[in-house]
Every structure is written in structure tokens, then in C-alpha cells.
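Structure file my_file_10.cif with mmCIF, C-alpha atoms:
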```
data_input
loop_
_atom_site.label_atom_id
_atom_site.label_comp_id
_atom_site.auth_asym_id
_atom_site.auth_seq_id
_atom_site.Cartn_x
_atom_site.Cartn_y
_atom_site.Cartn_z
CA MET A 5 -22.97 -15.10 13.39
CA VAL A 6 -20.00 -16.81 11.81
CA GLU A 7 -18.03 -19.03 14.17
CA VAL A 8 -14.28 -18.76 13.68
CA VAL A 9 -12.31 -21.91 14.44
CA PHE A 10 -8.57 -21.62 15.03
CA THR A 11 -6.24 -24.53 14.55
CA GLY A 12 -2.55 -25.21 15.12
CA ALA A 13 -1.90 -24.08 11.54
CA CYS A 14 -2.72 -20.48 12.44
CA PHE A 15 0.72 -19.68 13.80
CA PRO A 16 2.77 -20.50 10.67
CA CYS A 17 0.12 -18.80 8.54
CA LEU A 18 0.34 -15.75 10.77
CA LEU A 19 4.12 -15.47 10.45
CA SER A 20 4.14 -16.01 6.69
CA ALA A 21 1.27 -13.59 6.15
CA THR A 22 2.97 -10.81 8.09
CA LYS A 23 6.32 -11.38 6.32
CA VAL A 24 8.41 -10.95 9.46
CA MET A 25 12.02 -10.35 8.42
CA ALA A 26 14.95 -9.44 10.66
CA ASP A 27 18.20 -7.82 9.51
CA LYS A 28 21.48 -7.59 11.41
CA ASN A 29 19.90 -5.11 13.82
CA ARG A 30 16.88 -7.38 14.29
CA SER A 31 14.52 -4.75 12.91
CA VAL A 32 11.17 -6.08 11.73
CA CYS A 33 9.39 -5.21 8.51
CA LEU A 34 5.74 -4.24 8.49
CA PRO A 35 3.13 -6.60 7.04
CA ASN A 36 2.21 -6.25 3.39
CA SER A 37 -0.79 -3.98 2.85
CA ASP A 38 -2.54 -6.78 0.91
CA ASP A 39 -2.15 -9.21 3.77
CA PRO A 40 -5.55 -10.36 5.11
CA PHE A 41 -4.30 -10.39 8.69
CA GLY A 42 -3.79 -6.64 8.48
CA LYS A 43 -7.54 -6.20 7.92
CA LEU A 44 -8.74 -8.34 10.82
CA PRO A 45 -10.48 -6.54 13.70
CA ASP A 46 -8.74 -6.46 17.08
CA HIS A 47 -11.00 -9.02 18.77
CA LEU A 48 -10.13 -11.65 16.12
CA LEU A 49 -6.43 -10.82 16.35
CA VAL A 50 -6.64 -11.37 20.09
CA GLU A 51 -8.17 -14.80 19.53
CA ILE A 52 -5.27 -15.66 17.22
CA PHE A 53 -2.50 -14.23 19.38
CA ILE A 54 -3.50 -16.05 22.56
CA ARG A 55 -3.07 -19.32 20.64
CA VAL A 56 0.49 -18.42 19.64
CA PRO A 57 3.19 -19.76 22.02
CA ILE A 58 4.06 -17.01 24.48
CA MET A 59 7.76 -17.26 23.59
CA GLU A 60 6.86 -15.89 20.14
CA TRP A 61 4.86 -12.91 21.36
CA GLY A 62 7.85 -10.60 21.30
CA VAL A 63 8.35 -11.29 17.57
CA VAL A 64 4.66 -10.96 16.73
CA SER A 65 4.27 -7.69 18.63
CA CYS A 66 7.04 -6.13 16.48
CA VAL A 67 5.16 -6.65 13.21
CA SER A 68 3.20 -3.38 13.35
CA ARG A 69 2.28 -0.54 15.67
CA GLN A 70 -1.29 -1.81 15.81
CA TRP A 71 -0.15 -5.22 17.00
CA ALA A 72 2.37 -3.75 19.45
CA HIS A 73 -0.41 -1.61 20.93
CA LEU A 74 -2.70 -4.64 21.15
CA PHE A 75 -0.12 -6.53 23.24
CA GLN A 76 -0.26 -3.68 25.74
CA GLU A 77 -4.03 -3.85 26.07
CA GLU A 78 -5.80 -5.38 29.06
CA CYS A 79 -8.23 -7.27 26.78
CA LEU A 80 -5.49 -9.44 25.25
CA TRP A 81 -3.89 -10.32 28.57
CA HIS A 82 -7.27 -11.03 30.16
CA ALA A 83 -8.14 -13.42 27.31
CA ALA A 84 -4.72 -15.10 27.58
CA LEU A 85 -5.11 -15.37 31.35
CA ILE A 86 -8.50 -17.09 31.11
CA ARG A 87 -7.31 -19.43 28.33
CA SER A 88 -4.08 -20.51 30.07
CA PHE A 89 -5.40 -20.55 33.66
CA PRO A 90 -9.18 -21.25 33.51
CA LEU A 91 -9.62 -21.36 37.31
CA VAL A 92 -8.25 -17.85 37.76
CA SER A 93 -11.75 -16.36 37.55
CA GLN A 94 -12.59 -18.10 40.85
CA ALA A 95 -9.66 -16.56 42.71
CA LYS A 96 -10.50 -14.02 45.40
CA ARG A 97 -8.53 -10.90 46.20
CA TRP A 98 -6.32 -11.30 49.24
CA PRO A 99 -5.44 -8.86 52.02
CA GLY A 100 -1.92 -7.59 52.53
CA PRO A 101 0.65 -5.27 50.94
CA ILE A 102 1.20 -7.16 47.65
CA PRO A 103 -1.72 -6.62 45.22
CA GLN A 104 -2.86 -8.77 42.29
CA GLY A 105 -2.55 -6.02 39.69
CA SER A 106 -3.50 -6.16 36.02
CA SER A 107 -4.25 -9.24 33.92
CA LYS A 108 -0.72 -9.04 32.48
CA ARG A 109 0.75 -9.06 35.99
CA ARG A 110 -1.48 -11.95 37.03
CA TYR A 111 -0.49 -13.94 33.94
CA ALA A 112 3.19 -13.38 34.73
CA ALA A 113 2.64 -14.38 38.37
CA LEU A 114 0.89 -17.63 37.49
CA TYR A 115 3.47 -18.42 34.81
CA VAL A 116 6.29 -17.95 37.35
CA SER A 117 4.47 -20.01 39.95
CA LYS A 118 3.94 -22.87 37.52
CA HIS A 119 7.41 -22.95 35.97
CA LEU A 120 9.65 -21.95 38.89
CA PHE A 121 7.83 -23.37 41.90
CA SER A 122 5.57 -26.10 40.41
CA LEU A 123 2.80 -25.10 42.81
CA ASP A 124 -0.79 -26.24 42.56
CA GLY A 125 -3.27 -24.71 44.95
CA GLU A 126 -4.87 -21.55 46.22
CA MET A 127 -1.55 -19.88 47.03
CA ASP A 128 0.13 -20.34 43.64
CA GLU A 129 -0.81 -16.92 42.25
CA LEU A 130 0.19 -15.18 45.48
CA VAL A 131 3.60 -16.86 45.38
CA GLY A 132 4.11 -15.67 41.81
CA HIS A 133 3.15 -12.10 42.74
CA THR A 134 5.51 -12.20 45.71
CA TYR A 135 8.37 -13.37 43.47
CA LEU A 136 7.68 -10.52 41.02
CA PHE A 137 7.41 -8.00 43.87
CA LEU A 138 10.77 -9.00 45.34
CA LYS A 139 12.51 -9.13 41.94
CA ASP A 140 11.17 -5.68 41.03
CA GLN A 141 12.32 -4.25 44.34
CA LEU A 142 15.83 -5.62 43.89
CA GLU A 143 16.31 -5.06 40.15
CA ILE A 144 14.21 -2.03 39.20
CA THR A 145 14.12 0.15 42.31
CA LYS A 146 17.08 2.55 42.41
CA MET A 147 17.41 2.33 46.19
CA PRO A 148 15.95 -1.01 47.35
CA CYS A 149 14.80 -1.38 50.94
CA SER A 150 16.91 -3.45 53.30
CA SER A 151 16.50 -7.20 53.02
CA GLY A 152 14.94 -7.22 56.49
CA ILE A 153 12.12 -4.89 55.42
CA LEU A 154 11.51 -6.82 52.19
CA HIS A 155 11.54 -10.15 54.02
CA GLY A 156 9.18 -8.77 56.66
CA THR A 157 6.77 -7.55 53.96
CA ILE A 158 6.66 -11.01 52.42
CA ILE A 159 6.12 -12.67 55.81
CA ASP A 160 3.31 -10.22 56.66
CA GLN A 161 1.67 -10.94 53.30
CA PHE A 162 1.66 -14.71 53.83
CA ILE A 163 0.46 -14.49 57.44
CA ALA A 164 -2.33 -12.08 56.40
CA CYS A 165 -3.52 -14.80 54.01
CA GLY A 166 -3.73 -17.37 56.81
CA MET A 167 -0.39 -19.11 56.39
CA SER A 168 1.41 -20.46 59.45
CA ARG A 169 4.61 -18.73 60.60
CA GLU A 170 6.71 -21.79 59.77
CA LYS A 171 5.26 -22.16 56.26
CA ALA A 172 5.52 -18.41 55.64
CA HIS A 173 9.22 -18.44 56.55
CA ASP A 174 9.92 -21.54 54.44
CA LEU A 175 8.10 -20.20 51.38
CA ALA A 176 9.66 -16.75 51.72
CA SER A 177 13.10 -18.37 51.76
CA LYS A 178 12.31 -20.33 48.59
CA ILE A 179 11.21 -17.13 46.87
CA TRP A 180 14.41 -15.32 47.93
CA LEU A 181 16.52 -18.19 46.60
CA ALA A 182 14.66 -18.23 43.27
CA VAL A 183 14.99 -14.45 42.83
CA ILE A 184 18.71 -14.42 43.68
CA GLU A 185 19.32 -17.29 41.27
CA ASN A 186 17.53 -15.42 38.45
CA LEU A 187 18.98 -11.94 38.90
CA GLU A 188 20.59 -10.44 35.82
CA GLU A 189 24.37 -10.82 35.76
CA SER A 190 25.48 -7.19 35.85
CA GLU A 191 27.48 -4.69 37.86
CA LYS A 192 24.25 -3.54 39.51
CA THR A 193 23.52 -7.08 40.71
CA PHE A 194 27.06 -7.41 42.07
CA LEU A 195 26.62 -4.20 44.09
CA LEU A 196 23.22 -5.40 45.29
CA LEU A 197 24.57 -8.78 46.44
CA LYS A 198 27.50 -7.11 48.16
CA ARG A 199 25.12 -4.81 50.03
CA LEU A 200 22.97 -7.77 51.09
CA ALA A 201 26.09 -9.62 52.28
CA LEU A 202 27.37 -6.71 54.35
CA GLU A 203 24.02 -5.77 55.90
CA GLY A 204 24.10 -5.84 59.68
CA ASP A 205 22.09 -8.54 61.41
CA ALA A 206 19.46 -6.85 63.56
CA PHE A 207 17.81 -9.18 66.08
CA LEU A 208 14.41 -10.12 64.70
CA PRO A 209 12.08 -12.82 66.03
CA PHE A 210 11.11 -15.81 63.91
CA PRO A 211 9.85 -15.76 61.16
CA TYR A 212 11.20 -12.26 60.43
CA SER A 213 14.84 -13.27 60.77
CA ARG A 214 16.77 -13.77 57.54
CA SER A 215 17.12 -17.34 56.35
CA TYR A 216 20.51 -19.11 56.68
CA GLU A 217 20.06 -20.61 53.20
CA VAL A 218 19.40 -17.20 51.65
CA LEU A 219 22.49 -15.65 53.24
CA TRP A 220 24.56 -18.59 52.03
CA LYS A 221 23.25 -18.15 48.48
CA VAL A 222 24.18 -14.44 48.51
CA PHE A 223 27.81 -15.18 49.44
CA GLU A 224 27.97 -18.15 47.08
CA LYS A 225 26.91 -15.98 44.13
CA LEU A 226 29.44 -13.31 45.05
CA PHE A 227 32.38 -15.70 45.36
CA THR A 228 31.56 -17.76 42.26
CA ASP A 229 29.53 -15.96 39.58
CA PHE A 230 30.73 -12.45 40.53
CA ARG A 231 34.27 -13.13 41.75
CA ASP A 232 35.81 -11.10 38.91
CA CYS A 233 33.75 -8.05 39.86
CA PHE A 234 35.84 -7.36 42.97
CA SER A 235 38.00 -4.46 41.84
CA ARG A 236 40.19 -4.29 44.96
CA MET A 237 41.66 -6.94 47.25
CA GLU A 238 40.43 -4.99 50.29
CA GLU A 239 36.88 -5.16 48.95
CA TYR A 240 37.13 -8.93 48.54
CA TYR A 241 38.54 -9.45 52.05
CA ASP A 242 35.81 -7.27 53.61
CA VAL A 243 33.14 -9.57 52.16
CA LEU A 244 35.16 -12.70 52.97
CA GLY A 245 35.57 -11.56 56.58
CA CYS A 246 31.82 -11.07 56.84
CA ALA A 247 31.27 -14.57 55.44
CA LYS A 248 33.64 -16.08 58.01
CA GLN A 249 31.68 -14.43 60.82
CA LYS A 250 28.45 -16.02 59.60
CA PHE A 251 29.58 -19.44 58.38
CA GLN A 252 32.11 -21.94 59.70
CA PRO A 253 33.69 -23.54 57.85
CA ILE A 254 33.42 -21.75 54.51
CA PRO A 255 33.83 -23.69 51.23
CA PRO A 256 37.34 -23.71 49.68
CA THR A 257 35.78 -22.44 46.42
CA TRP A 258 35.09 -19.09 48.12
CA LEU A 259 38.78 -18.54 48.81
CA GLY A 260 41.27 -16.91 46.49
CA TYR A 261 41.09 -13.41 45.05
#
```
In C-alpha cells, write the structure found in this file.
Amino acid sequence: MVEVVFTGACFPCLLSATKVMADKNRSVCLPNSDDPFGKLPDHLLVEIFIRVPIMEWGVVSCVSRQWAHLFQEECLWHAALIRSFPLVSQAKRWPGPIPQGSSKRRYAALYVSKHLFSLDGEMDELVGHTYLFLKDQLEITKMPCSSGILHGTIIDQFIACGMSREKAHDLASKIWLAVIENLEESEKTFLLLKRLALEGDAFLPFPYSRSYEVLWKVFEKLFTDFRDCFSRMEEYYDVLGCAKQKFQPIPPTWLGY
């Protein structure tokens, strides 16, 4: 058996060998038929790709249909998961409504947990999955559930995993804040934030009640980042009136249509 050793030089060799070229439309040319990388079997390509910085994967996957297909395969994401997060093989499945999912999903969850929350412990993957769950519900789902139902689902998930009510509420609030801060700036997000701001406050016991900090962040985003999205003065004053009922005093930066 021949042992293949990969070094840091593999990445520039890979890009030059595949002759990636982008035009004004960012289309990508296919690799030359004489290129040795085009003849490598999939398992060796996987070993190369997982050593390429993840920020470059989008470019590499555009080189050919074979490579694009490989980046959709479970085997590549499983290898990347084990290489980047060696202890993940020791993780146990948890109870509750939010599953672990595929290796690609687990990689994304751990990446989020490491770079957004800087967590280190048994709960780090669960926190990443919870962030992805909430972001998907708010951004992808055509008719998202009410914030109360989503918040309750997150609280139930953390409590099912043995977390205290106080810690579950605190961590759920941090996840809400991170998701709201990272929502795409679009008309859909504006409508979502406006709906969250105008939602009625049903009486719910702790820790199922909505966080004060999360509500503040919703209004802050509306009156700063999305101020120009208010098409009518009446629409703006409806949201402002709701803010005045919840917060006193309100910041001067929220005023002025």
C-alpha cells in the first residue's frame, strides 16, 4: 500500500491544476483533461479537499460536476467532521425535538458553536444545532411559528438534556440574539422582525417567557438597520407605539420617521 502524504502545498497545486477561471458572470471552467487531479479516485480527492480551507470549498466545488457531487456526499463531510472536530465521535445522541442530522449539518453546527459562541464542552454541538434550527425556521420556512412556540421548543430541548431552567433561558436568549444579528438584510427579514415586534405577549411562566434583551434587539434592528423599509408613516407609528408599551424610556435613535 502506498501512503499518500498531503502538505500545505496541495492547495495551490490543486487550484493551478484545475485551471479555475472566472469571467464577469463568475462562471468556472472545467479542469483540463490532461490534469492529473481529474484522474484521482474519490477517496483521494476527499483527503485533499478536507485539507483545503473551508472558505475555498465553494470555488473548488464549481470546478467539475464530479467535484460538485462529491461535496454533497456524506463521506466528504464525515471525513471533514472527524478531521476538524476529533472528539465528535464520542458525542452521544441527545433527546428532544432538535436532531443532530447529517455529518454536514453537524459540521455546520460545531463551526457555528466555535465561531459565534466560543463554547467548549458537551453542549457546544447542541447549541450550534439550535442556532441552525432557529435560523432555518425564521429564514427558510414560509410561515414561521410564533416566537413563543420557537422559544418554547428551544427551552424544552435544553431542559431535556439536563440543563437548568435558568441556564436554558440564558442560552436560548443568546441564540436568539445571534440569529437576529445574522439575519439576511432583506424585505422578508423586515416583515419577520415587524411580526415579532407586534406579536402579543401571552403570559408564560419562566423560562418560557420571551427575553427582554431579545425583544429589545428586534425593535433596535427595525428602527436602525430597517428604518427605510417602513413604507407608510402609520406603519412606523404602529411599531413605535408597541415599543413604547414595552420599554420606557426608548432611545432617541428610534425616533423619527
Quiz prompt | Explicit residue set for the PyMOL selection byres ((chain A and resi 77) around 12), as a ChimeraX atom specification | solution = /A:46-47,50,65,70-76,78-84,106-108
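Proximity to A:Glu143 was assessed for A:Gly204, A:Asp242, A:Arg236, A:Ile184 counting all atoms listed in the file; the smallest distance is recorded for A:Ile184.
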Practice problem: Carefully work through the PyMOL selection byres ((chain A and resi 88) around 12) for this structure and note down the residues it includes, as a ChimeraX atom specification. | Solution: /A:54-58,81-87,89-93,107,110-112,114-115,118
Quiz item: Can you list, as a ChimeraX atom specification, the residues that the PyMOL selection byres ((chain A and resi 186) around 12) selects here?
Solution: /A:116,120,135-136,138-140,142-143,179-185,187-190,193,221,225
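Comparing the minimum interatomic distances between A:Lys192 and each of A:Gly105, A:Pro148, A:Gly132, A:Pro99, counting only C-alpha atoms, we find that A:Pro148 sits nearest.
Put simply, atom CA of A:Cys246 is 7.5 Å away from atom CA of A:Ala201.
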Practice problem: Extract, using only C-alpha atoms, all DNA, RNA and protein residues at most 10 Å from stretch 166-171 of chain A, discarding same-chain residues fewer than 6 positions from it, and format them as a VMD selection string. | Solution: chain A and resid 99 127 159 to 160 177 210 to 212
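Across the structure, atom CA of A:Pro253 and atom CA of A:Phe227 are spaced 14.8 Å apart.
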